[in-house]
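Engineer: Below is start01.txt; it holds compact mmCIF, C-alpha atoms.
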# COMPACT_ATOMS: atom_id res chain seq x y z
CA MET A 10 -3.36 -16.51 19.27
CA LEU A 11 -5.71 -14.78 21.66
CA ASP A 12 -5.78 -15.52 25.36
CA LYS A 13 -8.88 -17.21 26.75
CA GLN A 14 -9.04 -14.46 29.36
CA LYS A 15 -9.13 -11.72 26.71
CA ILE A 16 -11.88 -13.51 24.78
CA THR A 17 -13.92 -14.08 27.94
CA THR A 18 -13.52 -10.46 29.03
CA SER A 19 -14.55 -9.22 25.58
CA LEU A 20 -17.66 -11.41 25.53
CA ILE A 21 -18.71 -10.29 29.02
CA SER A 22 -18.19 -6.63 28.07
CA LEU A 23 -20.24 -7.08 24.90
CA GLY A 24 -23.03 -8.73 26.89
CA LEU A 25 -23.09 -5.89 29.40
CA LEU A 26 -23.18 -3.26 26.66
CA LEU A 27 -26.04 -5.00 24.86
CA GLY A 28 -27.96 -5.34 28.13
CA ILE A 29 -27.53 -1.66 28.95
CA ALA A 30 -28.55 -0.65 25.42
CA GLN A 31 -31.70 -2.80 25.61
CA THR A 32 -32.84 -1.35 28.95
CA THR A 33 -32.13 2.20 27.77
CA THR A 34 -34.21 1.82 24.62
CA ALA A 35 -37.04 0.23 26.59
CA GLN A 36 -37.31 3.36 28.77
CA ILE A 37 -37.73 5.81 25.87
CA PRO A 38 -41.39 6.84 25.62
CA GLN A 39 -43.13 6.16 22.32
CA ALA A 40 -44.58 9.02 20.27
CA ALA A 41 -48.32 9.55 20.66
CA ALA A 42 -49.25 9.38 17.00
CA PRO A 43 -47.01 9.09 13.97
CA THR A 44 -47.40 11.85 11.43
CA SER A 45 -47.03 11.52 7.72
CA GLU A 46 -45.26 14.86 7.36
CA PHE A 47 -41.53 15.33 7.69
CA ARG A 48 -40.31 18.19 9.78
CA PRO A 49 -37.39 20.00 8.16
CA ILE A 50 -34.35 20.44 10.34
CA GLU A 51 -32.81 23.80 9.73
CA GLN A 52 -29.02 23.97 9.87
CA PRO A 53 -27.06 27.22 10.03
CA LEU A 54 -25.45 28.31 6.75
CA PRO A 55 -21.84 28.23 8.11
CA LEU A 56 -22.34 24.58 9.10
CA LYS A 57 -23.58 23.67 5.61
CA VAL A 58 -20.64 25.49 4.00
CA GLY A 59 -18.16 23.82 6.39
CA VAL A 60 -19.47 20.32 5.69
CA THR A 61 -19.40 20.96 1.92
CA LEU A 62 -15.83 22.32 2.01
CA GLY A 63 -14.70 19.43 4.21
CA GLY A 64 -16.17 16.91 1.77
CA LEU A 65 -14.53 18.62 -1.21
CA ALA A 66 -11.19 18.67 0.64
CA LEU A 67 -11.44 14.92 1.34
CA ILE A 68 -12.29 14.20 -2.31
CA GLY A 69 -9.28 16.28 -3.39
CA LEU A 70 -7.04 14.42 -0.95
CA GLU A 71 -8.17 11.05 -2.30
CA LEU A 72 -7.58 12.13 -5.90
CA TRP A 73 -4.10 13.37 -5.04
CA TRP A 74 -3.26 10.20 -3.08
CA PHE A 75 -4.33 7.71 -5.74
CA LEU A 76 -3.61 9.61 -8.94
CA LEU A 77 -1.02 12.31 -8.39
CA SER A 78 1.29 11.20 -5.59
CA LYS A 79 4.25 9.53 -7.19
CA SER A 80 7.12 8.20 -5.16
CA GLN A 81 10.64 9.36 -5.89
CA ALA A 82 12.61 7.13 -8.21
CA GLN A 83 15.98 5.92 -6.97
CA GLN A 84 18.90 5.69 -9.35
CA ALA A 85 20.79 2.39 -9.21
CA GLU A 86 24.42 2.65 -8.10
CA ALA A 87 27.10 1.02 -10.25
CA ASN A 88 29.27 -1.43 -8.32
CA GLN A 89 31.90 -3.41 -10.28
CA GLY A 90 29.89 -3.11 -13.51
CA ILE A 91 26.58 -4.14 -11.90
CA GLN A 92 23.82 -1.66 -11.13
CA GLU A 93 22.61 -2.34 -7.57
CA VAL A 94 19.69 -1.16 -5.46
CA LYS A 95 18.63 -2.30 -2.00
CA ILE A 96 14.85 -2.67 -1.72
CA THR A 97 13.23 -3.06 1.70
CA VAL A 98 10.15 -5.29 1.68
CA ASP A 99 7.95 -4.14 4.55
CA GLY A 100 4.27 -3.69 3.72
CA GLY A 101 5.34 -2.97 0.13
CA TYR A 102 8.57 -2.13 -1.65
CA GLU A 103 10.77 0.82 -0.66
CA PRO A 104 11.85 2.26 -3.04
CA ASP A 105 9.19 1.15 -5.50
CA ARG A 106 10.62 3.07 -8.48
CA ILE A 107 14.15 2.29 -9.67
CA VAL A 108 16.01 3.88 -12.59
CA VAL A 109 18.66 1.80 -14.40
CA LYS A 110 20.57 1.97 -17.69
CA SER A 111 19.95 -0.44 -20.53
CA GLY A 112 22.54 -3.02 -21.57
CA GLN A 113 24.10 -3.28 -18.08
CA PRO A 114 23.42 -6.01 -15.50
CA VAL A 115 21.07 -5.07 -12.66
CA ARG A 116 20.95 -6.59 -9.18
CA LEU A 117 17.93 -5.82 -7.01
CA ASN A 118 18.72 -6.76 -3.41
CA PHE A 119 15.43 -7.42 -1.62
CA PHE A 120 15.58 -7.31 2.21
CA ARG A 121 12.31 -8.77 3.53
CA LYS A 122 11.07 -7.57 6.93
CA ASP A 123 7.36 -8.31 6.48
CA PRO A 124 6.33 -11.87 7.47
CA SER A 125 3.10 -11.87 5.42
CA SER A 126 2.80 -14.66 2.88
CA CYS A 127 1.96 -12.23 0.09
CA LEU A 128 5.45 -10.74 0.17
CA GLU A 129 7.40 -13.99 0.34
CA LYS A 130 7.89 -14.03 -3.44
CA VAL A 131 8.78 -11.34 -5.97
CA LEU A 132 8.18 -11.70 -9.71
CA LEU A 133 9.66 -9.78 -12.62
CA PRO A 134 7.50 -11.20 -15.45
CA ASP A 135 9.07 -9.25 -18.34
CA PHE A 136 12.40 -10.96 -17.63
CA HIS A 137 10.89 -14.32 -16.60
CA LYS A 138 12.30 -14.04 -13.07
CA ALA A 139 10.76 -15.17 -9.79
CA VAL A 140 12.54 -15.34 -6.43
CA ASP A 141 11.45 -16.53 -2.98
CA LEU A 142 12.35 -13.92 -0.36
CA LEU A 143 13.57 -15.24 2.98
CA LEU A 144 12.51 -13.36 6.10
CA ASN A 145 15.14 -10.95 7.51
CA GLN A 146 17.61 -11.82 4.76
CA THR A 147 18.78 -10.11 1.58
CA THR A 148 17.87 -11.96 -1.61
CA PRO A 149 19.34 -10.79 -4.94
CA LEU A 150 17.44 -10.76 -8.23
CA GLU A 151 19.64 -10.26 -11.29
CA PHE A 152 18.72 -9.44 -14.88
CA THR A 153 20.03 -7.41 -17.81
CA PRO A 154 17.58 -5.04 -19.52
CA GLN A 155 18.35 -4.61 -23.21
CA GLN A 156 15.55 -2.23 -24.21
CA PRO A 157 14.51 1.06 -22.57
CA GLY A 158 11.06 1.02 -21.02
CA THR A 159 9.10 0.50 -17.84
CA TYR A 160 9.03 -2.96 -16.29
CA THR A 161 7.02 -3.93 -13.24
CA PHE A 162 7.86 -6.29 -10.42
CA HIS A 163 5.26 -7.48 -7.94
CA CYS A 164 4.54 -9.83 -5.07
CA GLY A 165 3.15 -13.33 -5.54
CA MET A 166 -0.44 -12.11 -5.28
CA ASN A 167 0.13 -8.99 -7.45
CA MET A 168 -1.01 -6.74 -4.60
CA PHE A 169 2.26 -4.85 -4.07
CA ARG A 170 4.11 -3.49 -7.09
CA GLY A 171 7.25 -1.68 -8.06
CA VAL A 172 8.66 -0.31 -11.31
CA VAL A 173 12.06 -0.55 -12.95
CA GLU A 174 12.54 2.33 -15.39
CA VAL A 175 15.19 1.44 -17.96
CA GLU A 176 16.79 4.43 -19.68
CA ASP A 177 18.72 4.29 -22.92
CA THR A 178 22.46 4.33 -22.25
CA ALA A 179 23.06 6.79 -25.11
CA SER A 180 20.54 9.35 -23.80
CA THR A 181 21.93 9.31 -20.23
CA THR A 182 25.53 9.99 -21.33
CA LYS A 183 24.63 13.18 -23.27
How would this structure read if it were set down as structure tokens?

Structural biologist:
Amino acid sequence: MLDKQKITTSLISLGLLLGIAQTTTAQIPQAAAPTSEFRPIEQPLPLKVGVTLGGLALIGLELWWFLLSKSQAQQAEANQGIQEVKITVDGGYEPDRIVVKSGQPVRLNFFRKDPSSCLEKVLLPDFHKAVDLLLNQTTPLEFTPQQPGTYTFHCGMNMFRGVVEVEDTASTTK
């Protein structure tokens, strides 16, 4: 909730800024006669090259971020015959890639720090599992993957996702 004083101060500041902007624009002299020709604005060649290279660098950064940056997968640790991983829920899932072995029970321990309503539930649709996550508490989600493959888990609104990579038990022992 915002304070009344902060809202009042913001509105007064906005009014002052708009008043100053209006008086400033009123003092700018108007051009004598509009022309139909455009005047080209010449820019130095190094500036053009710099802007072009900066734009290409930003495009490359976006492509890397969305297509090529892949988070590190975390291997589940075996504890009394159950593969366990602690996942922190804080603006997403950390880690969001988990590697487990097929045919062995898996326990994903979700510790929720984020109070947003989107992250109050986690779903693992391939195993027909859904769990409500309590704030500042660890909530386990247990399942047993039988087939190797990639299975996703996500929040209640399907905005935040994670992946469970199930490896074949025979191929990991070789």

Engineer: A:Leu150, A:Leu142, A:Leu70, A:Cys127: which is nearest Ile91 of chain A, counting only C-alpha atoms?

Structural biologist: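 Selected residue with least distance to Ile91 of chain A: A:Leu150.
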
Engineer: What gap, in Å, lies between atom CA of Gly171 of chain A and atom CA of Gly101 of chain A?

Structural biologist: 8.5 Å

Engineer: Determine, counting only C-alpha atoms, which protein, DNA and RNA residues have an atom within 9 Å of an atom of segment 163-170 of chain A; residues of the same chain fewer than 6 positions away are not included. Present the result as a PDB file with C-alpha atoms, in the coordinates of the input.

Structural biologist:
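So out-v9.pdb came out as:
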ATOM      1  CA  GLY A 100       4.270  -3.690   3.720  1.00  0.00           C
ATOM      2  CA  GLY A 101       5.340  -2.970   0.130  1.00  0.00           C
ATOM      3  CA  TYR A 102       8.570  -2.130  -1.650  1.00  0.00           C
ATOM      4  CA  ASP A 105       9.190   1.150  -5.500  1.00  0.00           C
ATOM      5  CA  SER A 126       2.800 -14.660   2.880  1.00  0.00           C
ATOM      6  CA  CYS A 127       1.960 -12.230   0.090  1.00  0.00           C
ATOM      7  CA  LEU A 128       5.450 -10.740   0.170  1.00  0.00           C
ATOM      8  CA  GLU A 129       7.400 -13.990   0.340  1.00  0.00           C
ATOM      9  CA  LYS A 130       7.890 -14.030  -3.440  1.00  0.00           C
ATOM     10  CA  VAL A 131       8.780 -11.340  -5.970  1.00  0.00           C
ATOM     11  CA  LEU A 132       8.180 -11.700  -9.710  1.00  0.00           C
ATOM     12  CA  LEU A 133       9.660  -9.780 -12.620  1.00  0.00           C
ATOM     13  CA  PRO A 134       7.500 -11.200 -15.450  1.00  0.00           C
ATOM     14  CA  ALA A 139      10.760 -15.170  -9.790  1.00  0.00           C
TER      15      ALA A 139
END

Engineer: Could you name the residues that touch Val109 of chain A at 8 Å or less, counting all atoms listed in the file, but leaving out those on the same chain fewer than 6 positions away, as a list in words?

Structural biologist: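 The residues that qualify are Gln84, Ala85, Gln92, Val115, Val173, Glu174, Val175 and Glu176 of chain A.
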
Engineer: Just to confirm, what's the straight-line distance from atom CA of Pro124 of chain A to atom CA of Thr159 of chain A in Å (one decimal)?

Structural biologist: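 Separation between atom CA of Pro124 of chain A and atom CA of Thr159 of chain A: 28.3 Å.
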
Engineer: Give the padded box for segment 52-62 of chain A as AutoDock Vina command-line options: axis-aligned, covering all atoms listed in the file, 3 Å on each side, centre and edge lengths in Å to one decimal.

Structural biologist:
--center_x -22.4 --center_y 24.3 --center_z 6.0 --size_x 19.2 --size_y 14.0 --size_z 14.1

Engineer: Rounded to one decimal, what separation in Å do you get between atom CA of Pro154 of chain A and atom CA of Asp123 of chain A?

Structural biologist: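 We find that atom CA of Pro154 of chain A and atom CA of Asp123 of chain A lie 28.1 Å from each other.
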
Engineer: Return the single residue from A:Gln81, A:Glu86, A:Glu151, A:Val98 that is closest to Arg116 of chain A, with distances computed using all atoms listed in the file.

Structural biologist: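 Of A:Gln81, A:Glu86, A:Glu151, A:Val98, the one nearest Arg116 of chain A, counting all atoms listed in the file, is A:Glu151.
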
Engineer: Between A:Phe152, A:Tyr160, A:Trp74, A:Phe47, which residue has the minimum interatomic distance to Asn118 of chain A, considering only C-alpha atoms?

Structural biologist: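 When distances to Asn118 of chain A are compared using only C-alpha atoms, the smallest one comes from A:Phe152.
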
Engineer: Restricting the calculation to all atoms listed in the file: of A:Gly69, A:Asp135, A:Thr153, A:Phe75, which residue gets closest to Gly90 of chain A?

Structural biologist: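 Looking at the shortest contact to Gly90 of chain A, the residue is A:Thr153.
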
Engineer: Can you work out which one of A:Ile16, A:Leu62, A:Leu143, A:Leu56 has the shortest atom-to-atom distance to Ser125 of chain A, counting all atoms listed in the file?

Structural biologist: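 Selected residue with least distance to Ser125 of chain A: A:Leu143.
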